[in-house]
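Shown next: run23.json, containing JSON, C-alpha atoms.
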[["chain", "number", "residue", "atom", "x", "y", "z"],
["C", 1, "MET", "CA", 94.60, 287.70, 125.99],
["C", 2, "GLN", "CA", 95.06, 290.69, 128.22],
["C", 3, "HIS", "CA", 97.54, 290.51, 131.06],
["C", 4, "MET", "CA", 96.47, 291.83, 134.46],
["C", 5, "PHE", "CA", 98.97, 293.47, 136.75],
["C", 6, "ILE", "CA", 98.37, 293.90, 140.48],
["C", 7, "PHE", "CA", 100.17, 296.73, 142.19],
["C", 8, "TRP", "CA", 100.43, 296.49, 145.98],
["C", 9, "ASN", "CA", 101.29, 299.36, 148.19],
["C", 10, "MET", "CA", 103.70, 298.96, 151.08],
["C", 11, "HIS", "CA", 100.90, 298.42, 153.64],
["C", 12, "GLN", "CA", 99.42, 295.52, 151.64],
["C", 13, "LEU", "CA", 102.86, 293.99, 151.21],
["C", 14, "VAL", "CA", 103.56, 294.13, 154.93],
["C", 15, "ARG", "CA", 100.21, 292.49, 155.70],
["C", 16, "TYR", "CA", 100.94, 289.76, 153.13],
["C", 17, "TYR", "CA", 104.28, 288.93, 154.69],
["C", 18, "MET", "CA", 102.79, 289.10, 158.19],
["C", 19, "LEU", "CA", 100.20, 286.54, 157.07],
["C", 20, "LEU", "CA", 102.97, 284.22, 155.91],
["C", 21, "VAL", "CA", 104.72, 284.61, 159.27],
["C", 22, "ILE", "CA", 101.48, 283.90, 161.12],
["C", 23, "LEU", "CA", 100.84, 280.72, 159.14],
["C", 24, "TYR", "CA", 104.38, 279.57, 159.84],
["C", 25, "LEU", "CA", 104.21, 280.28, 163.58],
["C", 26, "GLN", "CA", 100.78, 278.71, 163.97],
["C", 27, "LYS", "CA", 102.23, 275.36, 162.97],
["C", 28, "SER", "CA", 104.81, 275.63, 165.76],
["C", 29, "GLY", "CA", 102.29, 276.66, 168.42],
["C", 30, "ALA", "CA", 102.70, 280.47, 168.52],
["C", 31, "SER", "CA", 101.26, 283.11, 166.26],
["C", 32, "ILE", "CA", 101.05, 286.86, 166.00],
["C", 33, "ALA", "CA", 97.68, 288.57, 165.96],
["C", 34, "THR", "CA", 96.85, 290.94, 163.14],
["C", 35, "GLN", "CA", 94.90, 294.15, 163.52],
["C", 36, "ASN", "CA", 91.71, 292.52, 162.21],
["C", 37, "GLN", "CA", 92.08, 289.49, 164.46],
["C", 38, "ILE", "CA", 89.10, 288.62, 166.60],
["C", 39, "THR", "CA", 89.47, 289.07, 170.34],
["C", 40, "ASP", "CA", 88.22, 287.19, 173.39],
["C", 41, "ASN", "CA", 85.80, 284.38, 172.50],
["C", 42, "GLN", "CA", 84.48, 285.68, 169.16],
["C", 43, "ILE", "CA", 85.33, 284.04, 165.84],
["C", 44, "ALA", "CA", 85.73, 286.28, 162.82],
["C", 45, "PRO", "CA", 83.96, 284.99, 159.70],
["C", 46, "SER", "CA", 85.85, 286.45, 156.75],
["C", 47, "GLY", "CA", 85.15, 290.16, 156.80],
["C", 48, "ASP", "CA", 84.89, 292.82, 159.47],
["C", 49, "VAL", "CA", 83.96, 291.96, 163.02],
["C", 50, "SER", "CA", 80.59, 293.30, 164.00],
["C", 51, "THR", "CA", 80.65, 295.37, 167.18],
["C", 52, "THR", "CA", 76.90, 295.06, 167.70],
["C", 53, "SER", "CA", 76.50, 291.28, 167.56],
["C", 54, "THR", "CA", 76.47, 289.35, 170.84],
["C", 55, "PRO", "CA", 78.82, 286.34, 170.87],
["C", 56, "GLU", "CA", 77.33, 282.97, 171.69],
["C", 57, "PRO", "CA", 78.25, 281.55, 175.10],
["C", 58, "PRO", "CA", 81.08, 279.00, 174.90],
["C", 59, "LYS", "CA", 80.23, 275.32, 174.88],
["C", 60, "PRO", "CA", 81.45, 273.23, 177.84],
["C", 61, "SER", "CA", 84.17, 271.71, 175.66],
["C", 62, "ASP", "CA", 85.28, 274.98, 174.02],
["C", 63, "THR", "CA", 88.55, 276.72, 174.83],
["C", 64, "TYR", "CA", 87.79, 280.21, 176.14],
["C", 65, "PHE", "CA", 89.12, 283.00, 178.35],
["C", 66, "ASP", "CA", 87.75, 283.53, 181.84],
["C", 67, "PRO", "CA", 85.77, 286.80, 181.50],
["C", 68, "ALA", "CA", 86.48, 287.69, 185.15],
["C", 69, "THR", "CA", 90.20, 288.15, 184.46],
["C", 70, "PRO", "CA", 91.31, 291.80, 184.97],
["C", 71, "ARG", "CA", 91.93, 293.74, 181.76],
["C", 72, "ASN", "CA", 93.73, 296.65, 183.44],
["C", 73, "VAL", "CA", 96.74, 296.22, 185.72],
["C", 74, "THR", "CA", 98.62, 298.95, 187.59],
["C", 75, "ALA", "CA", 102.17, 298.41, 188.84],
["C", 76, "LEU", "CA", 104.70, 300.54, 190.68],
["C", 77, "VAL", "CA", 107.95, 301.54, 189.00],
["C", 78, "GLY", "CA", 110.70, 299.21, 190.19],
["C", 79, "LYS", "CA", 108.25, 296.59, 191.49],
["C", 80, "SER", "CA", 106.92, 293.40, 189.89],
["C", 81, "ALA", "CA", 103.94, 293.45, 187.51],
["C", 82, "TYR", "CA", 101.71, 290.41, 187.07],
["C", 83, "LEU", "CA", 99.44, 290.09, 184.02],
["C", 84, "SER", "CA", 97.01, 287.22, 184.37],
["C", 85, "CYS", "CA", 95.40, 285.13, 181.63],
["C", 86, "LYS", "CA", 92.95, 282.40, 182.64],
["C", 87, "VAL", "CA", 92.06, 279.86, 179.95],
["C", 88, "ARG", "CA", 89.34, 277.23, 180.33],
["C", 89, "ASN", "CA", 89.59, 273.86, 178.55],
["C", 90, "LEU", "CA", 93.00, 274.59, 177.09],
["C", 91, "ALA", "CA", 93.60, 270.94, 176.11],
["C", 92, "ASN", "CA", 96.66, 270.77, 173.83],
["C", 93, "LYS", "CA", 96.59, 274.44, 172.83],
["C", 94, "THR", "CA", 99.52, 276.79, 173.49],
["C", 95, "VAL", "CA", 99.37, 280.10, 175.39],
["C", 96, "SER", "CA", 101.62, 282.95, 174.24],
["C", 97, "TRP", "CA", 102.21, 286.46, 175.57],
["C", 98, "ILE", "CA", 102.88, 289.22, 173.03],
["C", 99, "ARG", "CA", 103.88, 292.84, 173.64],
["C", 100, "HIS", "CA", 101.98, 295.06, 171.22],
["C", 101, "ARG", "CA", 104.38, 298.00, 171.30],
["C", 102, "ASP", "CA", 106.80, 296.17, 169.03],
["C", 103, "ILE", "CA", 104.81, 292.99, 168.23],
["C", 104, "HIS", "CA", 107.34, 290.99, 170.25],
["C", 105, "ILE", "CA", 106.61, 287.42, 171.33],
["C", 106, "LEU", "CA", 107.66, 287.31, 174.99],
["C", 107, "THR", "CA", 106.66, 283.82, 176.07],
["C", 108, "VAL", "CA", 105.28, 280.66, 174.48],
["C", 109, "GLY", "CA", 104.00, 278.18, 177.02],
["C", 110, "SER", "CA", 106.53, 278.20, 179.85],
["C", 111, "TYR", "CA", 109.39, 279.26, 177.59],
["C", 112, "THR", "CA", 110.71, 282.82, 177.29],
["C", 113, "TYR", "CA", 111.55, 284.25, 173.85],
["C", 114, "THR", "CA", 113.17, 287.55, 174.77],
["C", 115, "SER", "CA", 116.65, 288.52, 175.90],
["C", 116, "ASP", "CA", 115.12, 290.76, 178.57],
["C", 117, "GLN", "CA", 115.36, 288.52, 181.62],
["C", 118, "ARG", "CA", 112.76, 290.58, 183.47],
["C", 119, "PHE", "CA", 110.03, 288.73, 181.55],
["C", 120, "SER", "CA", 108.91, 285.21, 182.40],
["C", 121, "ALA", "CA", 105.79, 283.03, 182.31],
["C", 122, "ILE", "CA", 104.33, 281.61, 185.51],
["C", 123, "HIS", "CA", 102.14, 278.51, 185.24],
["C", 124, "ARG", "CA", 101.27, 275.82, 187.74],
["C", 125, "ARG", "CA", 100.93, 272.31, 186.37],
["C", 126, "GLU", "CA", 97.28, 271.34, 185.92],
["C", 127, "GLY", "CA", 96.34, 274.98, 186.43],
["C", 128, "ASP", "CA", 94.40, 277.18, 184.00],
["C", 129, "GLU", "CA", 96.19, 280.48, 184.70],
["C", 130, "TRP", "CA", 99.12, 281.75, 182.64],
["C", 131, "THR", "CA", 100.73, 284.81, 184.18],
["C", 132, "LEU", "CA", 103.23, 287.16, 182.55],
["C", 133, "HIS", "CA", 105.68, 288.28, 185.23],
["C", 134, "ILE", "CA", 107.62, 291.51, 184.66],
["C", 135, "LYS", "CA", 110.35, 292.16, 187.22],
["C", 136, "TRP", "CA", 111.35, 295.71, 188.13],
["C", 137, "ALA", "CA", 108.66, 297.31, 185.94],
["C", 138, "GLN", "CA", 109.68, 300.48, 184.11],
["C", 139, "LYS", "CA", 107.61, 303.26, 182.54],
["C", 140, "ARG", "CA", 108.50, 301.93, 179.08],
["C", 141, "ASP", "CA", 106.77, 298.63, 179.96],
["C", 142, "ALA", "CA", 103.38, 300.34, 180.01],
["C", 143, "GLY", "CA", 100.96, 299.50, 177.21],
["C", 144, "MET", "CA", 98.95, 296.67, 175.72],
["C", 145, "TYR", "CA", 99.84, 292.99, 176.13],
["C", 146, "GLU", "CA", 98.15, 290.10, 174.37],
["C", 147, "CYS", "CA", 97.52, 286.62, 175.72],
["C", 148, "GLN", "CA", 97.03, 284.47, 172.64],
["C", 149, "LEU", "CA", 95.83, 280.92, 172.08],
["C", 150, "SER", "CA", 97.00, 278.70, 169.22],
["C", 151, "THR", "CA", 93.44, 277.98, 168.12],
["C", 152, "GLN", "CA", 92.08, 278.18, 164.58],
["C", 153, "PRO", "CA", 91.53, 281.06, 164.22],
["C", 154, "VAL", "CA", 93.68, 282.44, 167.02],
["C", 155, "ARG", "CA", 91.92, 283.90, 170.05],
["C", 156, "SER", "CA", 93.28, 286.73, 172.16],
["C", 157, "PHE", "CA", 92.79, 288.39, 175.52],
["C", 158, "PHE", "CA", 94.21, 291.89, 175.94],
["C", 159, "VAL", "CA", 95.58, 293.37, 179.17],
["C", 160, "ASN", "CA", 96.62, 297.00, 179.55],
["C", 161, "LEU", "CA", 99.53, 297.67, 181.90],
["C", 162, "ASN", "CA", 99.87, 301.04, 183.59],
["C", 163, "VAL", "CA", 103.18, 301.73, 185.36],
["C", 164, "VAL", "CA", 102.97, 304.57, 187.86],
["C", 165, "VAL", "CA", 105.29, 306.53, 190.11],
["C", 166, "PRO", "CA", 103.61, 307.42, 193.43],
["C", 167, "THR", "CA", 104.00, 311.09, 194.33],
["C", 168, "ALA", "CA", 103.80, 312.86, 197.68],
["C", 169, "GLU", "CA", 102.68, 316.47, 198.10],
["C", 170, "ILE", "CA", 102.34, 318.71, 201.14],
["C", 171, "LEU", "CA", 99.39, 320.95, 200.37],
["C", 172, "GLY", "CA", 99.84, 324.68, 200.50],
["C", 173, "SER", "CA", 102.82, 326.95, 200.07],
["C", 174, "PRO", "CA", 106.38, 325.63, 200.55],
["C", 175, "ASP", "CA", 106.66, 328.34, 203.24],
["C", 176, "LEU", "CA", 103.93, 328.40, 205.89],
["C", 177, "HIS", "CA", 103.52, 331.22, 208.41],
["C", 178, "VAL", "CA", 101.83, 330.44, 211.73],
["C", 179, "ASP", "CA", 101.25, 332.68, 214.76],
["C", 180, "GLU", "CA", 102.77, 331.59, 218.04],
["C", 181, "GLY", "CA", 100.26, 329.71, 220.19],
["C", 182, "SER", "CA", 98.12, 328.56, 217.26],
["C", 183, "THR", "CA", 97.93, 325.10, 215.63],
["C", 184, "ILE", "CA", 100.25, 323.91, 212.88],
["C", 185, "ASN", "CA", 98.22, 321.76, 210.47],
["C", 186, "LEU", "CA", 100.20, 320.06, 207.67],
["C", 187, "THR", "CA", 98.49, 317.88, 205.06],
["C", 188, "CYS", "CA", 100.44, 315.34, 203.00],
["C", 189, "SER", "CA", 98.75, 313.53, 200.07],
["C", 190, "ILE", "CA", 100.13, 310.44, 198.31],
["C", 191, "ARG", "CA", 98.72, 309.89, 194.81],
["C", 192, "TYR", "CA", 99.11, 307.43, 191.92],
["C", 193, "SER", "CA", 99.72, 304.45, 194.18],
["C", 194, "PRO", "CA", 97.93, 301.15, 193.52],
["C", 195, "GLU", "CA", 98.02, 300.49, 197.26],
["C", 196, "PRO", "CA", 98.36, 302.74, 200.32],
["C", 197, "PRO", "CA", 101.88, 303.25, 201.70],
["C", 198, "ALA", "CA", 102.89, 300.85, 204.47],
["C", 199, "TYR", "CA", 103.87, 303.82, 206.63],
["C", 200, "ILE", "CA", 104.27, 307.61, 206.59],
["C", 201, "PHE", "CA", 106.92, 309.24, 208.76],
["C", 202, "TRP", "CA", 106.90, 312.94, 209.63],
["C", 203, "TYR", "CA", 110.22, 314.65, 210.34],
["C", 204, "HIS", "CA", 111.07, 317.96, 212.02],
["C", 205, "HIS", "CA", 114.44, 318.91, 210.60],
["C", 206, "ASP", "CA", 116.15, 315.48, 210.38],
["C", 207, "GLU", "CA", 114.47, 313.80, 213.35],
["C", 208, "VAL", "CA", 111.34, 311.65, 213.32],
["C", 209, "ILE", "CA", 108.54, 313.44, 215.15],
["C", 210, "SER", "CA", 107.59, 311.64, 218.37],
["C", 211, "TYR", "CA", 103.86, 311.70, 219.08],
["C", 212, "ASP", "CA", 104.28, 310.82, 222.76],
["C", 213, "SER", "CA", 107.09, 313.23, 223.64],
["C", 214, "SER", "CA", 107.04, 315.37, 226.77],
["C", 215, "ARG", "CA", 106.12, 318.37, 224.61],
["C", 216, "GLY", "CA", 102.63, 316.99, 224.03],
["C", 217, "GLY", "CA", 100.03, 318.35, 221.65],
["C", 218, "VAL", "CA", 101.33, 316.41, 218.62],
["C", 219, "SER", "CA", 99.02, 314.06, 216.70],
["C", 220, "VAL", "CA", 98.65, 312.47, 213.26],
["C", 221, "ILE", "CA", 95.51, 311.42, 211.39],
["C", 222, "THR", "CA", 95.90, 309.21, 208.30],
["C", 223, "GLU", "CA", 93.20, 308.38, 205.76],
["C", 224, "LYS", "CA", 94.01, 305.49, 203.41],
["C", 225, "GLY", "CA", 92.38, 305.00, 200.01],
["C", 226, "ASP", "CA", 92.97, 305.77, 196.33],
["C", 227, "VAL", "CA", 94.57, 308.95, 197.66],
["C", 228, "THR", "CA", 96.21, 308.54, 201.07],
["C", 229, "THR", "CA", 96.23, 311.67, 203.22],
["C", 230, "SER", "CA", 98.20, 312.24, 206.43],
["C", 231, "TYR", "CA", 97.47, 315.22, 208.71],
["C", 232, "LEU", "CA", 100.12, 316.41, 211.18],
["C", 233, "LEU", "CA", 98.71, 318.57, 214.02],
["C", 234, "ILE", "CA", 100.95, 320.48, 216.41],
["C", 235, "GLN", "CA", 99.11, 322.42, 219.13],
["C", 236, "ARG", "CA", 100.34, 325.61, 220.78],
["C", 237, "ALA", "CA", 103.09, 326.39, 218.27],
["C", 238, "SER", "CA", 106.24, 327.96, 219.66],
["C", 239, "GLN", "CA", 109.48, 329.29, 218.20],
["C", 240, "ALA", "CA", 111.04, 325.85, 218.73],
["C", 241, "ASP", "CA", 108.50, 324.42, 216.26],
["C", 242, "SER", "CA", 109.85, 326.52, 213.38],
["C", 243, "GLY", "CA", 111.89, 324.82, 210.68],
["C", 244, "ASN", "CA", 111.60, 322.16, 207.98],
["C", 245, "TYR", "CA", 108.87, 319.52, 208.14],
["C", 246, "THR", "CA", 109.13, 316.45, 205.90],
["C", 247, "CYS", "CA", 106.48, 313.92, 204.89],
["C", 248, "ASN", "CA", 108.20, 310.63, 204.03],
["C", 249, "PRO", "CA", 105.90, 307.81, 202.79],
["C", 250, "SER", "CA", 107.21, 304.28, 202.23],
["C", 251, "ASN", "CA", 106.42, 304.25, 198.50],
["C", 252, "ALA", "CA", 107.13, 307.80, 197.30],
["C", 253, "ASN", "CA", 109.76, 310.51, 197.46],
["C", 254, "ALA", "CA", 109.73, 312.71, 200.55],
["C", 255, "LYS", "CA", 108.35, 316.27, 200.46],
["C", 256, "THR", "CA", 109.38, 319.18, 202.67],
["C", 257, "VAL", "CA", 107.90, 322.54, 203.72],
["C", 258, "HIS", "CA", 109.32, 325.29, 205.92],
["C", 259, "VAL", "CA", 107.21, 326.52, 208.83],
["C", 260, "HIS", "CA", 107.73, 329.99, 210.31],
["C", 261, "VAL", "CA", 106.26, 330.57, 213.79],
["C", 262, "LEU", "CA", 105.70, 334.32, 214.19],
["C", 263, "ASN", "CA", 105.75, 336.39, 217.37],
["C", 264, "GLY", "CA", 102.13, 337.50, 217.34],
["C", 265, "GLU", "CA", 99.46, 338.02, 219.98],
["C", 266, "VAL", "CA", 96.60, 336.68, 217.86],
["C", 267, "PRO", "CA", 96.40, 332.87, 218.30],
["C", 268, "ALA", "CA", 94.72, 332.25, 214.93],
["C", 269, "ALA", "CA", 96.72, 330.33, 212.33],
["C", 270, "MET", "CA", 97.95, 332.27, 209.32],
["C", 271, "GLN", "CA", 98.60, 329.33, 207.04],
["C", 272, "ARG", "CA", 98.19, 329.78, 203.32],
["C", 273, "ALA", "CA", 95.60, 327.28, 202.25],
["C", 274, "CYS", "CA", 95.89, 325.30, 199.04],
["C", 275, "PRO", "CA", 93.15, 326.50, 196.61],
["C", 276, "GLY", "CA", 90.47, 323.95, 195.98],
["C", 277, "HIS", "CA", 91.49, 321.58, 198.80],
["C", 278, "ILE", "CA", 88.52, 320.43, 200.84],
["C", 279, "VAL", "CA", 89.00, 318.47, 204.05],
["C", 280, "HIS", "CA", 86.62, 315.54, 204.44],
["C", 281, "PRO", "CA", 83.89, 316.36, 207.04],
["C", 282, "VAL", "CA", 84.75, 313.30, 209.15],
["C", 283, "THR", "CA", 88.43, 314.25, 209.12],
["C", 284, "LEU", "CA", 87.59, 317.85, 210.05],
["C", 285, "LEU", "CA", 85.50, 316.59, 212.98],
["C", 286, "LEU", "CA", 88.39, 314.41, 214.16],
["C", 287, "ILE", "CA", 90.81, 317.33, 213.94],
["C", 288, "LEU", "CA", 88.48, 319.60, 215.92],
["C", 289, "SER", "CA", 87.88, 316.88, 218.52],
["C", 290, "LEU", "CA", 91.62, 316.35, 218.98],
["C", 291, "THR", "CA", 92.14, 320.10, 219.32],
["C", 292, "VAL", "CA", 89.50, 320.34, 222.08],
["C", 293, "MET", "CA", 90.80, 317.27, 223.96],
["C", 294, "ILE", "CA", 94.43, 318.43, 223.87],
["C", 295, "ARG", "CA", 93.52, 321.90, 225.08]]

Can you give me the file's structure in the form of structure tokens?
Amino acid sequence: MQHMFIFWNMHQLVRYYMLLVILYLQKSGASIATQNQITDNQIAPSGDVSTTSTPEPPKPSDTYFDPATPRNVTALVGKSAYLSCKVRNLANKTVSWIRHRDIHILTVGSYTYTSDQRFSAIHRREGDEWTLHIKWAQKRDAGMYECQLSTQPVRSFFVNLNVVVPTAEILGSPDLHVDEGSTINLTCSIRYSPEPPAYIFWYHHDEVISYDSSRGGVSVITEKGDVTTSYLLIQRASQADSGNYTCNPSNANAKTVHVHVLNGEVPAAMQRACPGHIVHPVTLLLILSLTVMIR
């Protein structure tokens, strides 16, 4: 009788031991998903998962994920991140959160299984939402997270976390040259912010610019959106208007430019425009209207 020998490579061995770990954890209510694990509400037969087949709608009694739950979440560095997982008809099943970067089980039910105290599970009794709360989010927290159910086979819902640092930029050169008597027009853009800044302060030197000062001719237009833009307009520039101007939004680092008001007879502005920057037509109309009214 011939003897058969089976040689496994390291990858197969790791998968074998991972399977043993999964079987062990499934009995205690938490399991780790493998690469070939089925996601969402699909059940894998025994081979590959077909990407073309349409899954059957869940039965009223089935445990399934709410398809309306966001799959992409953006959080600010240093602020809290909330990853939601809504499960219908959970019954006696267990919900776990797993970080894919290192295959680390973070929470099982309402219990936390990590020494990092920034992570916790939020769940209201009788509710169907299980939220992973990450305090003081850091750039290293970005990546894929898995909400997993202790069903047979396990079912998973994946959420991608993006951690961003909002940035402020004053368009144009760091040194702007303007003729005396013309208009100083500074544009500050705030990008990579999941929500607009609560406020934007403009400073001349170290003092907040007052829009209702006796000098007059000072106005600000702010457009809020995916990119928040603030326009500072100073009419009839004089030598006293020279110096540093700082844009300081509530959720980003401040940016500064230096304005030089030149002794010239031509009242046209000599600002160096930022290549490729186009002012929105509505904003341009507002700026022109303000200029006419102030004059």

Checklist entry - atom CA of His205 of chain C and atom CA of Gly78 of chain C are how many Å apart? => result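 That distance, rounded to one decimal, is 28.6 Å.
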
Restrict the calculation to all atoms listed in the file, then for each residue of segment 87-197 of chain C with any atom at most 10 Å from an atom of segment 224-242 of chain C give the closest atom pair and their distance in Å to one decimal, rows by chain and rising residue number, as a Markdown table.
| residue | atom | partner | partner_atom | distance |
| --- | --- | --- | --- | --- |
| C:Ala168 | CA | C:Thr228 | CA | 9.4 |
| C:Glu169 | CA | C:Thr229 | CA | 9.5 |
| C:Ile170 | CA | C:Ser230 | CA | 9.3 |
| C:Leu176 | CA | C:Ser242 | CA | 9.7 |
| C:His177 | CA | C:Ser242 | CA | 9.3 |
| C:Val178 | CA | C:Ala237 | CA | 7.8 |
| C:Asp179 | CA | C:Ala237 | CA | 7.4 |
| C:Glu180 | CA | C:Ala237 | CA | 5.2 |
| C:Gly181 | CA | C:Arg236 | CA | 4.1 |
| C:Ser182 | CA | C:Arg236 | CA | 5.1 |
| C:Thr183 | CA | C:Gln235 | CA | 4.6 |
| C:Ile184 | CA | C:Ile234 | CA | 5.0 |
| C:Asn185 | CA | C:Leu233 | CA | 4.8 |
| C:Leu186 | CA | C:Leu232 | CA | 5.1 |
| C:Thr187 | CA | C:Tyr231 | CA | 4.6 |
| C:Cys188 | CA | C:Ser230 | CA | 5.1 |
| C:Ser189 | CA | C:Thr229 | CA | 4.4 |
| C:Ile190 | CA | C:Thr228 | CA | 5.2 |
| C:Arg191 | CA | C:Val227 | CA | 5.1 |
| C:Tyr192 | CA | C:Val227 | CA | 7.5 |
| C:Ser193 | CA | C:Asp226 | CA | 7.2 |
| C:Pro194 | CA | C:Asp226 | CA | 7.3 |
| C:Glu195 | CA | C:Asp226 | CA | 7.4 |
| C:Pro196 | CA | C:Lys224 | CA | 6.0 |
| C:Pro197 | CA | C:Thr228 | CA | 7.8 |

Checklist entry - Glu146 of chain C: which residues within 9 Å, counting only C-alpha atoms, same-chain residues fewer than 4 positions away excluded, as a ChimeraX atom specification? => result /C:33,96-100,156-160

Checklist entry - Got a sec: who's within 12 Å of segment 128-131 of chain C, counting all atoms listed in the file, leaving out chain neighbours fewer than 2 positions off, as JSON, numbers by chain? => result {"C": [63, 64, 65, 66, 69, 70, 81, 82, 83, 84, 85, 86, 87, 88, 89, 90, 91, 93, 94, 95, 96, 97, 106, 107, 108, 109, 110, 111, 119, 120, 121, 122, 123, 124, 125, 126, 133, 134, 145, 146, 147, 148, 149, 157, 159]}

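Across the model, the gap from atom CA of Asp141 of chain C to atom CA of Val163 of chain C is 7.2 Å.
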
Item to check | Non-local contacts of Ala252 of chain C (7 Å; only C-alpha atoms; under 3 positions in same chain excluded) as a list in words | outcome: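 Final neighbour list, sorted by chain and number: Pro166, Thr167, Ala168 and Pro249 of chain C.
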
Checklist entry - When distances are computed from only C-alpha atoms, which of C:Ser173, C:Thr114, C:Ser80, C:Thr74 shows the smallest separation from Gly143 of chain C? => result C:Thr74

Next on the checklist: as a ChimeraX atom specification, please: the residues near Thr246 of chain C (cut-off 7 Å, only C-alpha atoms, same-chain neighbours under 2 positions excluded).
Outcome noted: /C:202-204,244,248,254-257

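Take atom CA of Val218 of chain C and atom CA of Asp206 of chain C: the distance between them is 17.0 Å.
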
Next on the checklist: Taking all atoms listed in the file into account, name the residue in C:Val154, C:His104, C:Glu223, C:Ala75 that is nearest to Trp136 of chain C.
Outcome noted: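 Checking each of C:Val154, C:His104, C:Glu223, C:Ala75 against Trp136 of chain C, counting all atoms listed in the file, the winner is C:Ala75.
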
Checklist entry - Of the residues C:Arg71, C:Asn253, C:Ser150, C:Asp116, which is the one nearest to Asn92 of chain C, using all atoms listed in the file? => result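 For Asn92 of chain C, the nearest of the given residues is C:Ser150.
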
Next on the checklist: I need the residue nearest His258 of chain C from this list: C:Arg155, C:Ser219, C:Ser210, C:Gly172. Use only C-alpha atoms for the distance.
Outcome noted: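 Counting only C-alpha atoms, the residue closest to His258 of chain C is C:Gly172.
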